[in-house]
Amino acid sequence: MRTGEELAPLEIAVTRTLIVAGAIASRDYQDVHHDAETARRKGSPDIFMNILTTNGLVGRYVTDRLGPATVLRKVAIRLGAPNYPGDTMVLSGRVTAVGEDGTAEVAVVGTNGIGRHVTGTVTVALPAAPAERDERDERDERDERDERDEREGAA
């Protein structure tokens, strides 16, 4: 992975089910996320996705693109245009920094039919390279042997 590397985009169909399920899963019972009539009374054309669902989708996007061993350290997002049912959100990302400490930062943008739904930065811990894992595994095995030898010597 290199700074400037583009991540493949991800298209997400924004369905009523996704919006309502995301609100329920995140325990956000605000009526504008599940009751279209109330959302319209409050000035919205329909129900709309909550920030916690968007946050989860951004995290999923980055870990799907960087691999299952990637660990999210920080997800910082800002919402823009609402995600309404029937639209499609397209997430895209670009690596903005790769640290020597095994971390990386990814700038993420999510757009829909009316504009930018989300912008943000995701900080991740990347999996160790195979050589680093091998060294770590050998060190762990050595430590386990030493501990076992100490226990057996004390018995």
# chains A, B, ... in the order shown; residues from 1 in each chain; ligands from 1

$ residues_around --residues "region 108-124 of chain A" --least-positions-apart "2" --cutoff "9 Å" --atoms "only C-alpha atoms" --output "JSON, numbers by chain"
{"A": [54, 55, 58, 59, 62, 63, 70, 71, 72, 73, 74, 75, 76, 77, 78, 79, 80, 81, 82, 83, 84, 87, 88, 89, 90, 91, 92, 93, 94, 95, 96, 102, 103, 104, 105, 106, 126]}

$ atom_distance --atom1 "CA of Ile51 (chain A)" --atom2 "CA of Asp31 (chain A)"
14.2 Å

$ residues_around --residues "Glu37 (chain A)" --least-positions-apart "6" --cutoff "10 Å" --atoms "only C-alpha atoms" --output "list of chain:residue names"
A:Asp31, A:Ser44, A:Pro45, A:Asp46, A:Ile47

$ write_last_selection --atoms "N, CA, C and O atoms" --output "JSON list (two decimals), in the first residue's frame"
[["chain", "number", "residue", "atom", "x", "y", "z"],
["A", 31, "ASP", "N", -37.73, 9.13, 14.98],
["A", 31, "ASP", "CA", -38.77, 8.79, 14.02],
["A", 31, "ASP", "C", -38.41, 9.10, 12.57],
["A", 31, "ASP", "O", -38.89, 8.44, 11.65],
["A", 44, "SER", "N", -38.63, 16.70, 5.82],
["A", 44, "SER", "CA", -37.82, 15.83, 4.97],
["A", 44, "SER", "C", -38.73, 15.14, 3.95],
["A", 44, "SER", "O", -39.87, 14.80, 4.28],
["A", 45, "PRO", "N", -38.25, 14.91, 2.75],
["A", 45, "PRO", "CA", -39.11, 14.23, 1.77],
["A", 45, "PRO", "C", -39.37, 12.76, 2.10],
["A", 45, "PRO", "O", -40.31, 12.17, 1.57],
["A", 46, "ASP", "N", -38.56, 12.17, 2.96],
["A", 46, "ASP", "CA", -38.71, 10.75, 3.30],
["A", 46, "ASP", "C", -37.83, 10.46, 4.51],
["A", 46, "ASP", "O", -37.13, 11.34, 5.00],
["A", 47, "ILE", "N", -37.84, 9.20, 4.97],
["A", 47, "ILE", "CA", -36.90, 8.81, 6.02],
["A", 47, "ILE", "C", -35.49, 8.94, 5.45],
["A", 47, "ILE", "O", -35.30, 8.97, 4.23]]

$ residues_around --residues "Arg16 (chain A)" --least-positions-apart "2" --cutoff "9 Å" --atoms "only C-alpha atoms" --output "short mmCIF file (atom, residue, chain, number, x, y, z; two decimals) with all heavy atoms, in the first residue's frame"
data_model
loop_
_atom_site.label_atom_id
_atom_site.label_comp_id
_atom_site.auth_asym_id
_atom_site.auth_seq_id
_atom_site.Cartn_x
_atom_site.Cartn_y
_atom_site.Cartn_z
N VAL A 14 -29.36 2.21 -1.27
CA VAL A 14 -29.96 2.78 -0.06
C VAL A 14 -31.43 2.38 -0.06
O VAL A 14 -32.25 2.99 -0.76
CB VAL A 14 -29.79 4.31 -0.02
CG1 VAL A 14 -30.41 4.88 1.26
CG2 VAL A 14 -28.31 4.69 -0.11
N LEU A 18 -32.39 -1.02 4.73
CA LEU A 18 -31.06 -0.64 5.22
C LEU A 18 -31.16 0.52 6.20
O LEU A 18 -30.54 0.50 7.27
CB LEU A 18 -30.13 -0.27 4.05
CG LEU A 18 -28.75 0.25 4.43
CD1 LEU A 18 -27.95 -0.81 5.20
CD2 LEU A 18 -27.99 0.69 3.18
N ILE A 19 -31.94 1.52 5.87
CA ILE A 19 -32.08 2.70 6.73
C ILE A 19 -32.69 2.32 8.08
O ILE A 19 -32.15 2.67 9.14
CB ILE A 19 -32.91 3.79 6.04
CG1 ILE A 19 -32.14 4.35 4.83
CG2 ILE A 19 -33.27 4.91 7.02
CD1 ILE A 19 -32.97 5.26 3.93
N VAL A 20 -33.79 1.59 8.05
CA VAL A 20 -34.48 1.22 9.29
C VAL A 20 -33.64 0.24 10.10
O VAL A 20 -33.48 0.39 11.32
CB VAL A 20 -35.89 0.66 9.01
CG1 VAL A 20 -36.54 0.13 10.27
CG2 VAL A 20 -36.76 1.74 8.36
N ALA A 21 -33.07 -0.77 9.43
CA ALA A 21 -32.26 -1.76 10.15
C ALA A 21 -31.04 -1.11 10.79
O ALA A 21 -30.67 -1.44 11.92
CB ALA A 21 -31.83 -2.88 9.20
N HIS A 34 -37.39 6.03 10.50
CA HIS A 34 -38.25 4.86 10.26
C HIS A 34 -39.69 5.21 9.92
O HIS A 34 -40.43 4.35 9.45
CB HIS A 34 -38.21 3.90 11.46
CG HIS A 34 -38.77 4.48 12.71
ND1 HIS A 34 -40.11 4.49 13.00
CD2 HIS A 34 -38.15 5.10 13.76
CE1 HIS A 34 -40.30 5.06 14.18
NE2 HIS A 34 -39.13 5.45 14.65
N ILE A 47 -37.84 9.20 4.97
CA ILE A 47 -36.90 8.81 6.02
C ILE A 47 -35.49 8.94 5.45
O ILE A 47 -35.30 8.97 4.23
CB ILE A 47 -37.16 7.37 6.53
CG1 ILE A 47 -36.95 6.33 5.42
CG2 ILE A 47 -38.53 7.28 7.18
CD1 ILE A 47 -37.00 4.88 5.89
N PHE A 48 -34.49 9.03 6.34
CA PHE A 48 -33.11 9.14 5.87
C PHE A 48 -32.17 8.39 6.81
O PHE A 48 -32.49 8.15 7.98
CB PHE A 48 -32.69 10.60 5.68
CG PHE A 48 -32.88 11.46 6.90
CD1 PHE A 48 -31.86 11.63 7.83
CD2 PHE A 48 -34.10 12.12 7.11
CE1 PHE A 48 -32.04 12.43 8.95
CE2 PHE A 48 -34.28 12.93 8.22
CZ PHE A 48 -33.25 13.08 9.13
N MET A 49 -31.02 8.02 6.27
CA MET A 49 -30.03 7.22 7.00
C MET A 49 -29.42 8.02 8.16
O MET A 49 -29.15 9.22 8.02
CB MET A 49 -28.92 6.79 6.03
CG MET A 49 -27.90 5.84 6.62
SD MET A 49 -26.72 5.28 5.37
CE MET A 49 -27.75 4.15 4.44
N TYR A 84 -31.48 8.99 1.06
CA TYR A 84 -32.90 8.65 1.05
C TYR A 84 -33.10 7.29 0.38
O TYR A 84 -32.30 6.88 -0.47
CB TYR A 84 -33.70 9.70 0.29
CG TYR A 84 -33.74 11.05 0.94
CD1 TYR A 84 -33.19 12.16 0.30
CD2 TYR A 84 -34.33 11.23 2.19
CE1 TYR A 84 -33.23 13.42 0.90
CE2 TYR A 84 -34.37 12.49 2.79
CZ TYR A 84 -33.82 13.57 2.13
OH TYR A 84 -33.86 14.81 2.73
N PRO A 85 -34.19 6.60 0.69
CA PRO A 85 -34.48 5.33 0.04
C PRO A 85 -34.58 5.50 -1.48
O PRO A 85 -35.06 6.51 -1.97
CB PRO A 85 -35.85 4.92 0.60
CG PRO A 85 -36.08 5.78 1.78
CD PRO A 85 -35.24 7.01 1.63
N GLY A 86 -34.10 4.48 -2.18
CA GLY A 86 -34.16 4.49 -3.63
C GLY A 86 -32.93 5.05 -4.30
O GLY A 86 -32.76 4.96 -5.51
#

$ atom_distance --atom1 "CA of Pro127 (chain A)" --atom2 "CA of Ala69 (chain A)"
5.6 Å
